[in-house]
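Visitor: One structure coming up, written as structure tokens, with questions to follow.
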Amino acid sequence: MLRRDRRVFLIAWIVCTLFAILPPTIVVAEEDREAVRIVATESGSYDWEKQLFVARGDVVITAGDLRLQGDLLTMDLASGDLWLEGAVRLVQDDQEFRGQSLAYNLETGQGQFEQARTEVVLPEETGIVFLSGESIDFDDDKYSVSRATFTTCDLEDSHFHLATKELEYYPGEKVVIRGVTYYEGTIPLFYWPYLVIPLDVDEGQNFFTLPIFGYSEEEGYYMKNTFNYYFSSKAHGNLYLDFFTHLGVGVGARHFYDLGGLGKGSFYLYGVPTSESTVLKTALKHNWNKGNWDFKTDTSYENWWAKHQLQTSNRLTMSLEKINAETWFDYKENPMAATTKQQEIGIKWAQNLTDKWRLNLQGSLNERKTTVKEVRLVDYLAETVYRQGKHTFTLAAQQQYNPDLLEDEAPPWRSVQRIPEFKWDVSDLGAQNLPLRSQVILGHYGERPSTVTMNRAFGQLTLGQRSWRPTTGTTFSYQGHLAAAVYGDLQRQTWLYGRLGLTQKLTDNWQFTTTYSRRDVWGSTPFRFDRQNPLQSFDFGLNYSTTPLRFTARTSYNVLTEQFGSLTLQTNWRPNASWYVSGYATYDLNNQSLTRVVPMVEYKKDKLELGLGMRYQPANQVLERFDARIALPIGKTWLVSYDSIYEPPKQAFTKGTVTISKDLHCRELSVSYDHVQKRVALQFTINAFPTLPIGWDSEGGLSLFDFEEVADIVGVKE
């Protein structure tokens, strides 16, 4: 709290007595000193012998950022002590206390409230804690509350509260509570011997969790408990104690640390030693930064019935005035997954030799092992880059693997070596009103697995995207390039690419778009990595947009194959705030058949929610899936909901959760049953706390209602 210079206040109080015979409004100030202002609506008097000043009626004392209010003030000018009674308020540093009486020393900043209460804002403005107690003692560093109760319920007679005999509140740092009992009304439910709510830690770290009850086939009925500890903002964490009917007792800890110059991070360890099958989880995160160096590591290991995985990611970077360097090692192993093992080791070095001359070095080894094959890829790059105005010169030696190899694809080429390659880029050729740029490349190339090795000369002239608007509702856009390559065996490949787009506004609501793309190719190439294929296609789009209704139609036409792409139709209709109707469909223009239909309807009003959707193949007369989301309020406080996905071809649900919830004003009690994964969960949530509780979530399928992109919903690749 606020400390004062004793001499300043004694002088101020002496001067104050000179105005005791004036009306009850009193102002005390000294030139070049902090002002003290005392206002009382009824009376003010001073006892010369006892050096006591008394004021009555809406007394307000302001001194700097301190503001005191009460009905009756008694002040000892000799000691700086004051007593305020009746509707007392103390406001300082955005913190406000209220109570029946206050004893406070303006010199030391120490005081005591009787029957006091205050509000504590949690970090990131995630909630407010209402705190009260028989008395609150405070000084510069902390507030100590005796026989305290606190809650996040905003009612005067709160539905729940936590009670303790002793509470210490350190502004901006932490709240330390000993002997905490959780009360639902007047019924005690839970007890914590020690509890800390930090106010100065990173968002997302969980510190206060009520027990979570549930059931699963592997674990049986369970109760999961989290207890926290807090030594300082540099040393705190959670302790876990869980009980499972099928497994026994689970124990663990997560510790957050800050070692100053040695870095900060966290480590986690959890296991169920009483389980017949292994249940072990561990993780380590560490970040070290010193001067120009930075190191990060994130390593975890899980070995239990649902996952068997070791994963680590490590980065070491160096940043100097002219040099930036980085090395990394990533590793992931999971025998139960389709990709059983994957690792990458790499290094980068970038150095500014001069203001215009730069050196870049990079290399990596990537290994990927699946149940059917193993891939080992080596990638390296050594280049020097010189920039002068519009010109950029690059000399490079490189081996580049095809990234499609990591996606379980069979690309036409595996890797390309450029030893060496010289490149000359001109960013602007200076043509008036035309953004032309050029590129010339000379190099010696080797390709695998074709084993073709020879020289190659390449040149390209590029026109950047431009637009032209002849009328208000018409916009043309165009871009393209002309390129040619000559090879060591005298083969030649030349191609011309162009793209022309038209956007036409038909009415205020209708808009038509079309894009014509064309690539003409002459000659041939001995390589596969730069092989160009002829292209000639149109893309069409028609959009209608108004306040309640939106409609979109898209398709394409390949001139060379004389084939249409799928016609995708999408409509969204929102007649009011409650109803939302949408539909998606794909139509095969070549076979003149409707391939897929996805209708959906949603209704939301207050807590009532209804969502129905389906995905249907009319051509094959197959109903692929059916989605349902229903939330039905019963009375004012009960809610029954069901969220499901059913796939008729499999004759099985891939998602199905029934939840019954009871609204308890600022709390909610819910019971969920997942009939797909055979899991039951009992969850009690205090809505005003940002971290209560860790919610239970079924790993079911994604609902149609969670998708936004048309291509994802109807299964069409764009």
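Identifiers in this document derive from the order of the structure tokens: chains are assigned A, B, ..., residues are numbered from 1 separately in each chain, and ligands are numbered from 1 in order of occurrence.
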Can you pull out every residue within 6 Å of stretch 468-475 of chain A, counting only C-alpha atoms, but drop anything in the same chain fewer than 6 positions away, and send it as a list in words?

Guide: Leu502, Thr503, Gln504 and Lys505 of chain A

Visitor: What's around stretch 457-466 of chain A at 6 Å? Count only C-alpha atoms, leave out sequence neighbours fewer than 3 positions away in its own chain, and write the answer as a PyMOL selection string.

Guide: chain A and resi 435-442+477-486

Visitor: Using DSSP assignments from the backbone, pull out every residue in stretch 508-591 of chain A that falls under strand (DSSP E) and give it to me as a compact mmCIF listing (two decimals) with C-alpha atoms, in the first residue's frame.

Guide:
```txt
# COMPACT_ATOMS: atom_id res chain seq x y z
CA TRP A 510 -25.97 -11.27 -58.89
CA GLN A 511 -22.31 -11.61 -59.89
CA PHE A 512 -20.67 -13.77 -62.56
CA THR A 513 -16.98 -14.74 -62.61
CA THR A 514 -14.98 -16.70 -65.15
CA THR A 515 -11.30 -17.46 -65.58
CA TYR A 516 -9.62 -18.75 -68.72
CA SER A 517 -6.24 -20.47 -68.26
CA ARG A 518 -4.07 -21.69 -71.11
CA ARG A 519 -0.62 -23.18 -71.46
CA ASP A 520 0.77 -24.07 -74.89
CA VAL A 521 3.87 -26.25 -74.98
CA TRP A 522 6.29 -26.84 -77.85
CA GLY A 523 9.16 -29.29 -77.83
CA LEU A 535 -3.54 -26.66 -70.39
CA GLN A 536 -6.72 -25.03 -71.58
CA SER A 537 -9.61 -24.64 -69.15
CA PHE A 538 -12.41 -22.39 -68.00
CA ASP A 539 -13.60 -21.84 -64.43
CA PHE A 540 -17.09 -20.45 -63.91
CA GLY A 541 -18.79 -19.02 -60.85
CA LEU A 542 -22.22 -17.51 -60.26
CA ASN A 543 -23.03 -15.80 -56.95
CA TYR A 544 -26.24 -14.40 -55.53
CA SER A 545 -26.17 -12.53 -52.25
CA LEU A 549 -30.19 -15.72 -48.88
CA ARG A 550 -26.88 -16.63 -50.50
CA PHE A 551 -26.35 -18.89 -53.50
CA THR A 552 -23.16 -20.04 -55.27
CA ALA A 553 -22.60 -22.26 -58.30
CA ARG A 554 -19.14 -23.30 -59.50
CA THR A 555 -17.83 -25.56 -62.24
CA SER A 556 -15.00 -25.85 -64.77
CA TYR A 557 -14.45 -27.08 -68.31
CA ASN A 558 -11.30 -28.70 -69.71
CA GLN A 563 -14.78 -32.70 -69.88
CA PHE A 564 -16.62 -30.65 -67.29
CA LEU A 567 -20.88 -28.55 -60.67
CA THR A 568 -20.98 -27.50 -57.02
CA LEU A 569 -24.10 -25.77 -55.75
CA GLN A 570 -24.30 -24.10 -52.37
CA THR A 571 -27.13 -22.16 -50.78
CA ASN A 572 -27.56 -20.58 -47.36
CA TRP A 573 -30.81 -19.11 -46.10
CA TRP A 579 -33.44 -20.52 -38.42
CA TYR A 580 -30.53 -21.42 -40.70
CA VAL A 581 -31.02 -23.64 -43.74
CA SER A 582 -28.18 -24.67 -46.03
CA GLY A 583 -27.69 -27.10 -48.86
CA TYR A 584 -24.76 -28.42 -50.84
CA ALA A 585 -24.85 -30.54 -53.97
CA THR A 586 -22.50 -31.81 -56.67
CA TYR A 587 -23.67 -32.63 -60.16
CA ASP A 588 -21.68 -34.59 -62.78
```

Visitor: Suppose you want the space between atom CA of A:Pro575 and atom CA of A:Lys636; what is it in Å?

Guide: 26.8 Å

Visitor: Please provide the set of residues having any atom within 6 Å of A:Ile136, restricted to only C-alpha atoms, with same-chain residues fewer than 4 positions apart removed, written as a list of chain:residue names.

Guide: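 Here the qualifying residues turn out to be A:Gln112, A:Phe113, A:Ser144, A:Val145.
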
Visitor: Now that the selection is made, can you save its residues with C-alpha atoms as a CSV table (one decimal), in the first residue's frame?

Guide:
```
chain,number,residue,atom,x,y,z
A,112,GLN,CA,-7.3,-3.3,9.1
A,113,PHE,CA,-10.8,-3.6,7.8
A,144,SER,CA,-4.3,-11.1,5.0
A,145,VAL,CA,-8.0,-12.1,5.4
```

Visitor: Separation of atom CA of A:Leu353 and atom CA of A:Thr392, in Å?

Guide: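 Answer for the atom CA of A:Leu353 to atom CA of A:Thr392 separation: 15.1 Å.
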
Visitor: Residues at most 7 Å from A:Glu383, counting only C-alpha atoms, excluding those fewer than 2 positions away in the same chain, as a PyMOL selection string?

Guide: chain A and resi 359-361+381+385+394-397

Visitor: Which residues come within 9 Å of A:Glu218, counting only C-alpha atoms, excluding same-chain residues fewer than 5 positions away, as an mmCIF file with N, CA and C atoms, in the first residue's frame?

Guide:
```cif
data_model
loop_
_atom_site.group_PDB
_atom_site.id
_atom_site.type_symbol
_atom_site.label_atom_id
_atom_site.label_comp_id
_atom_site.auth_asym_id
_atom_site.auth_seq_id
_atom_site.Cartn_x
_atom_site.Cartn_y
_atom_site.Cartn_z
ATOM 1 N N HIS A 246 -10.864 -49.833 -12.253
ATOM 2 C CA HIS A 246 -10.210 -50.904 -13.014
ATOM 3 C C HIS A 246 -8.695 -50.872 -12.895
ATOM 4 N N LEU A 247 -8.122 -49.694 -12.674
ATOM 5 C CA LEU A 247 -6.671 -49.557 -12.708
ATOM 6 C C LEU A 247 -6.042 -49.356 -11.338
ATOM 7 N N TRP A 305 -2.805 -47.752 -23.067
ATOM 8 C CA TRP A 305 -3.588 -48.532 -24.022
ATOM 9 C C TRP A 305 -4.010 -47.745 -25.253
#
```

Visitor: Determine, counting only C-alpha atoms, which protein, DNA and RNA residues have an atom within 12 Å of an atom of A:Gly250; residues of the same chain fewer than 4 positions away are not included. Present the result as a PyMOL selection string.

Guide: chain A and resi 219+222-226+239-246+269-275+278-281

Visitor: Using N, CA and C atoms, can you export the residues from the last selection as a JSON list (two decimals), in the first residue's frame?

Guide:
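And here's part15.json as it stands now:
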```
[["chain", "number", "residue", "atom", "x", "y", "z"],
["A", 219, "GLU", "N", -10.78, -47.60, -17.90],
["A", 219, "GLU", "CA", -10.49, -47.07, -16.57],
["A", 219, "GLU", "C", -11.52, -47.47, -15.52],
["A", 222, "TYR", "N", -14.09, -43.44, -12.30],
["A", 222, "TYR", "CA", -12.89, -42.74, -11.85],
["A", 222, "TYR", "C", -13.25, -41.41, -11.20],
["A", 223, "MET", "N", -12.30, -40.93, -10.41],
["A", 223, "MET", "CA", -12.33, -39.58, -9.85],
["A", 223, "MET", "C", -10.93, -39.00, -10.02],
["A", 224, "LYS", "N", -10.84, -37.90, -10.76],
["A", 224, "LYS", "CA", -9.56, -37.28, -11.05],
["A", 224, "LYS", "C", -9.45, -35.97, -10.26],
["A", 225, "ASN", "N", -8.34, -35.83, -9.56],
["A", 225, "ASN", "CA", -8.14, -34.68, -8.67],
["A", 225, "ASN", "C", -6.86, -33.95, -9.04],
["A", 226, "THR", "N", -6.91, -32.63, -8.97],
["A", 226, "THR", "CA", -5.73, -31.79, -9.20],
["A", 226, "THR", "C", -5.54, -30.87, -7.99],
["A", 239, "LEU", "N", -0.26, -31.20, -8.64],
["A", 239, "LEU", "CA", -0.14, -32.59, -8.22],
["A", 239, "LEU", "C", -1.43, -33.31, -8.60],
["A", 240, "TYR", "N", -1.32, -34.52, -9.14],
["A", 240, "TYR", "CA", -2.47, -35.27, -9.61],
["A", 240, "TYR", "C", -2.63, -36.54, -8.78],
["A", 241, "LEU", "N", -3.84, -36.77, -8.33],
["A", 241, "LEU", "CA", -4.17, -37.98, -7.59],
["A", 241, "LEU", "C", -5.52, -38.47, -8.09],
["A", 242, "ASP", "N", -5.50, -39.60, -8.81],
["A", 242, "ASP", "CA", -6.70, -40.13, -9.45],
["A", 242, "ASP", "C", -7.00, -41.53, -8.92],
["A", 243, "PHE", "N", -8.29, -41.87, -8.93],
["A", 243, "PHE", "CA", -8.72, -43.19, -8.48],
["A", 243, "PHE", "C", -9.55, -43.84, -9.59],
["A", 244, "PHE", "N", -9.16, -45.07, -9.99],
["A", 244, "PHE", "CA", -9.83, -45.82, -11.04],
["A", 244, "PHE", "C", -10.24, -47.18, -10.48],
["A", 245, "THR", "N", -11.47, -47.57, -10.74],
["A", 245, "THR", "CA", -11.92, -48.88, -10.24],
["A", 245, "THR", "C", -11.25, -50.03, -10.98],
["A", 246, "HIS", "N", -10.86, -49.83, -12.25],
["A", 246, "HIS", "CA", -10.21, -50.90, -13.01],
["A", 246, "HIS", "C", -8.70, -50.87, -12.89],
["A", 269, "LEU", "N", 5.12, -35.74, -15.18],
["A", 269, "LEU", "CA", 5.25, -37.18, -14.97],
["A", 269, "LEU", "C", 3.96, -37.70, -14.38],
["A", 270, "TYR", "N", 3.41, -38.75, -15.02],
["A", 270, "TYR", "CA", 2.17, -39.32, -14.54],
["A", 270, "TYR", "C", 2.18, -40.83, -14.81],
["A", 271, "GLY", "N", 1.67, -41.57, -13.86],
["A", 271, "GLY", "CA", 1.60, -43.02, -14.03],
["A", 271, "GLY", "C", 0.55, -43.63, -13.12],
["A", 272, "VAL", "N", 0.22, -44.88, -13.43],
["A", 272, "VAL", "CA", -0.70, -45.67, -12.60],
["A", 272, "VAL", "C", 0.06, -46.92, -12.18],
["A", 273, "PRO", "N", 0.81, -46.86, -11.08],
["A", 273, "PRO", "CA", 1.64, -48.01, -10.68],
["A", 273, "PRO", "C", 0.85, -49.25, -10.32],
["A", 274, "THR", "N", -0.42, -49.10, -9.98],
["A", 274, "THR", "CA", -1.22, -50.26, -9.59],
["A", 274, "THR", "C", -1.85, -50.98, -10.77],
["A", 275, "SER", "N", -1.69, -50.43, -11.99],
["A", 275, "SER", "CA", -2.31, -51.04, -13.16],
["A", 275, "SER", "C", -1.51, -52.24, -13.65],
["A", 278, "THR", "N", 0.89, -51.16, -18.50],
["A", 278, "THR", "CA", 1.67, -49.94, -18.27],
["A", 278, "THR", "C", 0.86, -48.69, -18.59],
["A", 279, "VAL", "N", 0.87, -47.74, -17.67],
["A", 279, "VAL", "CA", 0.30, -46.41, -17.90],
["A", 279, "VAL", "C", 1.35, -45.40, -17.45],
["A", 280, "LEU", "N", 2.04, -44.81, -18.42],
["A", 280, "LEU", "CA", 3.11, -43.87, -18.12],
["A", 280, "LEU", "C", 3.09, -42.73, -19.12],
["A", 281, "LYS", "N", 3.11, -41.50, -18.59],
["A", 281, "LYS", "CA", 3.16, -40.31, -19.42],
["A", 281, "LYS", "C", 4.19, -39.36, -18.83]]
```

Visitor: Find the residues around A:Tyr191 up to 8 Å (only C-alpha atoms counted), leave out those fewer than 4 positions away in its own chain, and share them as a PyMOL selection string.

Guide: chain A and resi 179-182
